[in-house]
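To be precise, the following lines are structure-v4.cif, and they hold mmCIF, N, CA and C atoms.
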```cif
data_my_file
#
loop_
_atom_site.label_atom_id
_atom_site.label_comp_id
_atom_site.auth_asym_id
_atom_site.auth_seq_id
_atom_site.Cartn_x
_atom_site.Cartn_y
_atom_site.Cartn_z
N MET A 1 20.41 -64.61 -42.93
CA MET A 1 19.53 -63.46 -42.93
C MET A 1 19.18 -63.12 -41.49
N SER A 2 19.14 -61.83 -41.17
CA SER A 2 18.77 -61.43 -39.82
C SER A 2 17.29 -61.69 -39.60
N GLU A 3 16.92 -61.73 -38.33
CA GLU A 3 15.53 -61.98 -37.98
C GLU A 3 14.64 -60.85 -38.49
N ASN A 4 13.52 -61.22 -39.09
CA ASN A 4 12.55 -60.23 -39.59
C ASN A 4 11.37 -60.18 -38.65
N ARG A 5 11.00 -58.98 -38.28
CA ARG A 5 9.86 -58.77 -37.41
C ARG A 5 9.03 -57.64 -38.01
N PHE A 6 7.82 -57.49 -37.51
CA PHE A 6 6.93 -56.48 -38.04
C PHE A 6 6.36 -55.61 -36.93
N VAL A 7 6.12 -54.34 -37.27
CA VAL A 7 5.55 -53.39 -36.35
C VAL A 7 4.46 -52.60 -37.08
N VAL A 8 3.55 -52.02 -36.32
CA VAL A 8 2.56 -51.12 -36.89
C VAL A 8 2.94 -49.71 -36.45
N CYS A 9 2.84 -48.77 -37.39
CA CYS A 9 3.20 -47.38 -37.12
C CYS A 9 2.07 -46.70 -36.34
N LEU A 10 2.40 -46.09 -35.21
CA LEU A 10 1.44 -45.37 -34.38
C LEU A 10 1.56 -43.87 -34.56
N SER A 11 2.72 -43.39 -35.02
CA SER A 11 2.96 -41.96 -35.20
C SER A 11 3.98 -41.77 -36.31
N ASN A 12 3.80 -40.70 -37.09
CA ASN A 12 4.79 -40.36 -38.11
C ASN A 12 5.26 -38.91 -37.91
N GLU A 13 5.13 -38.41 -36.71
CA GLU A 13 5.49 -37.02 -36.40
C GLU A 13 6.92 -36.72 -36.85
N GLY A 14 7.04 -35.75 -37.75
CA GLY A 14 8.34 -35.36 -38.28
C GLY A 14 8.78 -36.16 -39.49
N TYR A 15 8.02 -37.21 -39.84
CA TYR A 15 8.39 -38.08 -40.96
C TYR A 15 7.17 -38.41 -41.83
N PRO A 16 6.36 -37.42 -42.22
CA PRO A 16 5.12 -37.72 -42.95
C PRO A 16 5.33 -38.38 -44.31
N ALA A 17 6.46 -38.15 -44.96
CA ALA A 17 6.71 -38.76 -46.27
C ALA A 17 7.29 -40.17 -46.14
N SER A 18 7.79 -40.51 -44.95
CA SER A 18 8.49 -41.77 -44.76
C SER A 18 7.67 -42.85 -44.07
N LEU A 19 6.69 -42.43 -43.25
CA LEU A 19 5.90 -43.37 -42.47
C LEU A 19 4.42 -43.03 -42.57
N GLU A 20 3.59 -44.08 -42.57
CA GLU A 20 2.14 -43.90 -42.59
C GLU A 20 1.55 -44.54 -41.33
N PRO A 21 0.83 -43.76 -40.50
CA PRO A 21 0.18 -44.36 -39.33
C PRO A 21 -0.74 -45.51 -39.73
N ARG A 22 -0.81 -46.52 -38.88
CA ARG A 22 -1.64 -47.72 -39.05
C ARG A 22 -1.09 -48.69 -40.10
N LYS A 23 0.06 -48.40 -40.67
CA LYS A 23 0.64 -49.28 -41.69
C LYS A 23 1.66 -50.23 -41.06
N LEU A 24 1.74 -51.43 -41.60
CA LEU A 24 2.67 -52.46 -41.15
C LEU A 24 4.03 -52.23 -41.81
N TYR A 25 5.10 -52.29 -41.00
CA TYR A 25 6.47 -52.12 -41.52
C TYR A 25 7.35 -53.25 -41.03
N GLU A 26 8.34 -53.59 -41.84
CA GLU A 26 9.32 -54.59 -41.43
C GLU A 26 10.36 -53.93 -40.54
N TRP A 27 10.67 -54.60 -39.45
CA TRP A 27 11.61 -54.12 -38.44
C TRP A 27 12.82 -55.05 -38.50
N LEU A 28 13.97 -54.49 -38.78
CA LEU A 28 15.20 -55.28 -38.88
C LEU A 28 15.95 -55.29 -37.55
N ASP A 29 16.51 -56.43 -37.25
CA ASP A 29 17.25 -56.60 -35.99
C ASP A 29 18.47 -55.69 -35.97
N ASP A 30 18.55 -54.80 -34.97
CA ASP A 30 19.69 -53.90 -34.80
C ASP A 30 19.81 -53.59 -33.31
N PRO A 31 20.47 -54.48 -32.54
CA PRO A 31 20.57 -54.31 -31.09
C PRO A 31 21.20 -52.97 -30.67
N GLN A 32 22.15 -52.48 -31.43
CA GLN A 32 22.79 -51.20 -31.08
C GLN A 32 21.78 -50.07 -31.17
N ALA A 33 21.00 -50.02 -32.24
CA ALA A 33 19.98 -48.97 -32.39
C ALA A 33 18.94 -49.09 -31.28
N GLU A 34 18.51 -50.32 -30.99
CA GLU A 34 17.50 -50.54 -29.96
C GLU A 34 17.98 -50.09 -28.59
N SER A 35 19.27 -50.21 -28.34
CA SER A 35 19.81 -49.76 -27.05
C SER A 35 19.74 -48.24 -26.91
N HIS A 36 19.51 -47.54 -28.01
CA HIS A 36 19.37 -46.08 -28.01
C HIS A 36 17.91 -45.66 -28.22
N GLY A 37 16.97 -46.61 -28.08
CA GLY A 37 15.56 -46.30 -28.22
C GLY A 37 15.09 -46.12 -29.64
N LEU A 38 15.82 -46.73 -30.59
CA LEU A 38 15.48 -46.61 -32.01
C LEU A 38 15.22 -47.98 -32.62
N LEU A 39 14.45 -48.01 -33.68
CA LEU A 39 14.22 -49.24 -34.44
C LEU A 39 14.65 -49.00 -35.88
N ARG A 40 15.23 -50.03 -36.49
CA ARG A 40 15.61 -49.97 -37.90
C ARG A 40 14.42 -50.49 -38.70
N ILE A 41 13.77 -49.58 -39.44
CA ILE A 41 12.53 -49.86 -40.15
C ILE A 41 12.74 -49.68 -41.66
N ILE A 42 12.17 -50.60 -42.45
CA ILE A 42 12.13 -50.39 -43.90
C ILE A 42 10.93 -49.51 -44.15
N ASP A 43 11.19 -48.26 -44.53
CA ASP A 43 10.12 -47.26 -44.65
C ASP A 43 9.58 -47.17 -46.07
N GLU A 44 8.83 -46.11 -46.36
CA GLU A 44 8.19 -45.93 -47.66
C GLU A 44 9.19 -45.82 -48.81
N SER A 45 10.43 -45.47 -48.54
CA SER A 45 11.45 -45.38 -49.59
C SER A 45 11.94 -46.75 -50.02
N GLY A 46 11.64 -47.77 -49.20
CA GLY A 46 12.13 -49.12 -49.47
C GLY A 46 13.50 -49.37 -48.86
N GLU A 47 14.05 -48.35 -48.20
CA GLU A 47 15.34 -48.46 -47.53
C GLU A 47 15.12 -48.54 -46.03
N ASP A 48 16.14 -48.98 -45.29
CA ASP A 48 16.00 -49.03 -43.84
C ASP A 48 16.62 -47.80 -43.19
N TYR A 49 15.88 -47.24 -42.25
CA TYR A 49 16.30 -46.06 -41.50
C TYR A 49 15.92 -46.24 -40.03
N LEU A 50 16.52 -45.43 -39.19
CA LEU A 50 16.24 -45.49 -37.76
C LEU A 50 15.14 -44.50 -37.40
N TYR A 51 14.19 -44.99 -36.58
CA TYR A 51 13.08 -44.16 -36.09
C TYR A 51 12.89 -44.42 -34.60
N PRO A 52 12.28 -43.48 -33.89
CA PRO A 52 12.03 -43.69 -32.47
C PRO A 52 11.14 -44.92 -32.22
N LYS A 53 11.56 -45.73 -31.27
CA LYS A 53 10.83 -46.95 -30.91
C LYS A 53 9.38 -46.63 -30.50
N ALA A 54 9.16 -45.47 -29.90
CA ALA A 54 7.83 -45.08 -29.43
C ALA A 54 6.84 -44.88 -30.57
N PHE A 55 7.30 -44.80 -31.80
CA PHE A 55 6.42 -44.62 -32.97
C PHE A 55 5.74 -45.91 -33.39
N PHE A 56 6.12 -47.05 -32.80
CA PHE A 56 5.68 -48.35 -33.29
C PHE A 56 5.23 -49.28 -32.17
N ALA A 57 4.40 -50.25 -32.56
CA ALA A 57 4.02 -51.35 -31.67
C ALA A 57 4.29 -52.65 -32.43
N GLN A 58 4.91 -53.61 -31.75
CA GLN A 58 5.23 -54.87 -32.39
C GLN A 58 3.96 -55.65 -32.68
N VAL A 59 3.94 -56.35 -33.82
CA VAL A 59 2.81 -57.14 -34.26
C VAL A 59 3.28 -58.57 -34.45
N ALA A 60 2.54 -59.53 -33.90
CA ALA A 60 2.87 -60.94 -34.09
C ALA A 60 2.37 -61.36 -35.47
N VAL A 61 3.28 -61.80 -36.32
CA VAL A 61 2.94 -62.25 -37.67
C VAL A 61 3.41 -63.69 -37.80
N PRO A 62 2.49 -64.61 -38.13
CA PRO A 62 2.88 -66.02 -38.28
C PRO A 62 3.99 -66.18 -39.31
N GLY A 63 4.83 -67.20 -39.14
CA GLY A 63 6.00 -67.42 -39.97
C GLY A 63 5.77 -67.37 -41.46
N GLU A 64 4.78 -68.10 -41.98
CA GLU A 64 4.54 -68.14 -43.41
C GLU A 64 4.13 -66.76 -43.94
N LEU A 65 3.27 -66.07 -43.21
CA LEU A 65 2.86 -64.73 -43.62
C LEU A 65 4.04 -63.76 -43.57
N ALA A 66 4.87 -63.85 -42.54
CA ALA A 66 6.05 -62.98 -42.44
C ALA A 66 6.96 -63.18 -43.64
N GLU A 67 7.15 -64.43 -44.05
CA GLU A 67 8.01 -64.72 -45.21
C GLU A 67 7.41 -64.12 -46.48
N ARG A 68 6.10 -64.25 -46.65
CA ARG A 68 5.44 -63.70 -47.84
C ARG A 68 5.54 -62.17 -47.86
N LEU A 69 5.35 -61.52 -46.70
CA LEU A 69 5.46 -60.07 -46.63
C LEU A 69 6.88 -59.61 -46.94
N HIS A 70 7.85 -60.34 -46.43
CA HIS A 70 9.25 -60.00 -46.68
C HIS A 70 9.56 -60.10 -48.18
N LYS A 71 9.08 -61.16 -48.84
CA LYS A 71 9.31 -61.33 -50.27
C LYS A 71 8.62 -60.24 -51.08
N MET A 72 7.44 -59.82 -50.65
CA MET A 72 6.71 -58.76 -51.36
C MET A 72 7.47 -57.44 -51.32
N ALA A 73 8.17 -57.20 -50.22
CA ALA A 73 8.90 -55.94 -50.06
C ALA A 73 10.20 -55.93 -50.84
N ALA A 74 10.71 -57.09 -51.17
CA ALA A 74 12.01 -57.18 -51.86
C ALA A 74 11.93 -56.76 -53.31
#
```

Structure encoded using structure tokens:
Amino acid sequence: MSENRFVVCLSNEGYPASLEPRKLYEWLDDPQAESHGLLRIIDESGEDYLYPKAFFAQVAVPGELAERLHKMAA
């Protein structure tokens, strides 16, 4: 499984149905997207899509909590 990380949404400009400001989202590892200033995020649809990196701030989530959040989203 790829590394799971979490971010908080700071802006949903242009994507009001897909992202909610102040909400925590799972960020999937995608080095190619990141090299273009994008993050692969599991959004409100439950699918992963690319969004501008500037829309998010990384959040430190302890391992056990990260695992529980990942299972809840599945």

>> At a cut-off of 7 Å, using only N, CA and C atoms, what residues contact Ala57 in chain A? Leave out same-chain residues fewer than 4 positions from it and give the result as a list in words.
In response: Phe6, Val7, Val8, Cys9, Leu10 and Lys53 of chain A

Just-selected residues, N, CA and C atoms written as a PDB file, in the frame of the given file:
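Once written, selection.pdb looks like this:
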```
ATOM      1  N   PHE A   6       7.820 -57.490 -37.510  1.00  0.00           N
ATOM      2  CA  PHE A   6       6.930 -56.480 -38.040  1.00  0.00           C
ATOM      3  C   PHE A   6       6.360 -55.610 -36.930  1.00  0.00           C
ATOM      4  N   VAL A   7       6.120 -54.340 -37.270  1.00  0.00           N
ATOM      5  CA  VAL A   7       5.550 -53.390 -36.350  1.00  0.00           C
ATOM      6  C   VAL A   7       4.460 -52.600 -37.080  1.00  0.00           C
ATOM      7  N   VAL A   8       3.550 -52.020 -36.320  1.00  0.00           N
ATOM      8  CA  VAL A   8       2.560 -51.120 -36.890  1.00  0.00           C
ATOM      9  C   VAL A   8       2.940 -49.710 -36.450  1.00  0.00           C
ATOM     10  N   CYS A   9       2.840 -48.770 -37.390  1.00  0.00           N
ATOM     11  CA  CYS A   9       3.200 -47.380 -37.120  1.00  0.00           C
ATOM     12  C   CYS A   9       2.070 -46.700 -36.340  1.00  0.00           C
ATOM     13  N   LEU A  10       2.400 -46.090 -35.210  1.00  0.00           N
ATOM     14  CA  LEU A  10       1.440 -45.370 -34.380  1.00  0.00           C
ATOM     15  C   LEU A  10       1.560 -43.870 -34.560  1.00  0.00           C
ATOM     16  N   LYS A  53      11.560 -45.730 -31.270  1.00  0.00           N
ATOM     17  CA  LYS A  53      10.830 -46.950 -30.910  1.00  0.00           C
ATOM     18  C   LYS A  53       9.380 -46.630 -30.500  1.00  0.00           C
TER      19      LYS A  53
END
```

>> Just checking: using all atoms listed in the file, which residue out of A:Asp43, A:Met72, A:Pro21, A:Ser11 ends up closest to Phe56 in chain A?
In response: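 Comparing A:Asp43, A:Met72, A:Pro21, A:Ser11 against Phe56 in chain A, the winner is A:Ser11.
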
>> Expand the PyMOL selection byres ((chain A and resi 38) around 8) into the explicit residue set it covers here, and present it as a list of chain:residue names.
In response: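 Listing what the PyMOL selection byres ((chain A and resi 38) around 8) selects in the shown file: A:Asp30, A:Gln32, A:Ala33, A:Glu34, A:Ser35, A:His36, A:Gly37, A:Leu39, A:Arg40, A:Ile41, A:Tyr49, A:Leu50, A:Tyr51, A:Pro52, A:Lys53, A:Ala54.
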
>> Report, in Å to a single decimal, how far apart CA of Glu13 in chain A and CA of Arg68 in chain A are.
In response: 29.0 Å

> What is the distance between atom C of Gln58 in chain A and CA of Leu24 in chain A, in Å to one decimal?
Replying inline: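 About the pair atom C of Gln58 in chain A and CA of Leu24 in chain A: they are 9.1 Å apart.
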
> Using the chain letters and numbers from this document, which residues of chain A does DSSP assign to helix (DSSP H, G or I), as a list in words?
Replying inline: Pro31, Gln32, Ala33, Glu34, Lys53, Ala54, Phe55, Gly63, Glu64, Leu65, Ala66, Glu67, Arg68, Leu69, His70, Lys71, Met72 and Ala73 of chain A

> as a VMD selection string, which residues of chain A does DSSP assign to strand (DSSP E or B)?
Replying inline: chain A and resid 4 to 9 24 to 28 38 to 42 48 to 52 56 to 59

Padded axis-aligned box of range 28-39 of chain A (4 Å per side), centre and edge lengths, Å, one decimal, as JSON:
```
{"center_x": 18.4, "center_y": -51.1, "center_z": -32.9, "size_x": 16.8, "size_y": 18.9, "size_z": 20.0}
```
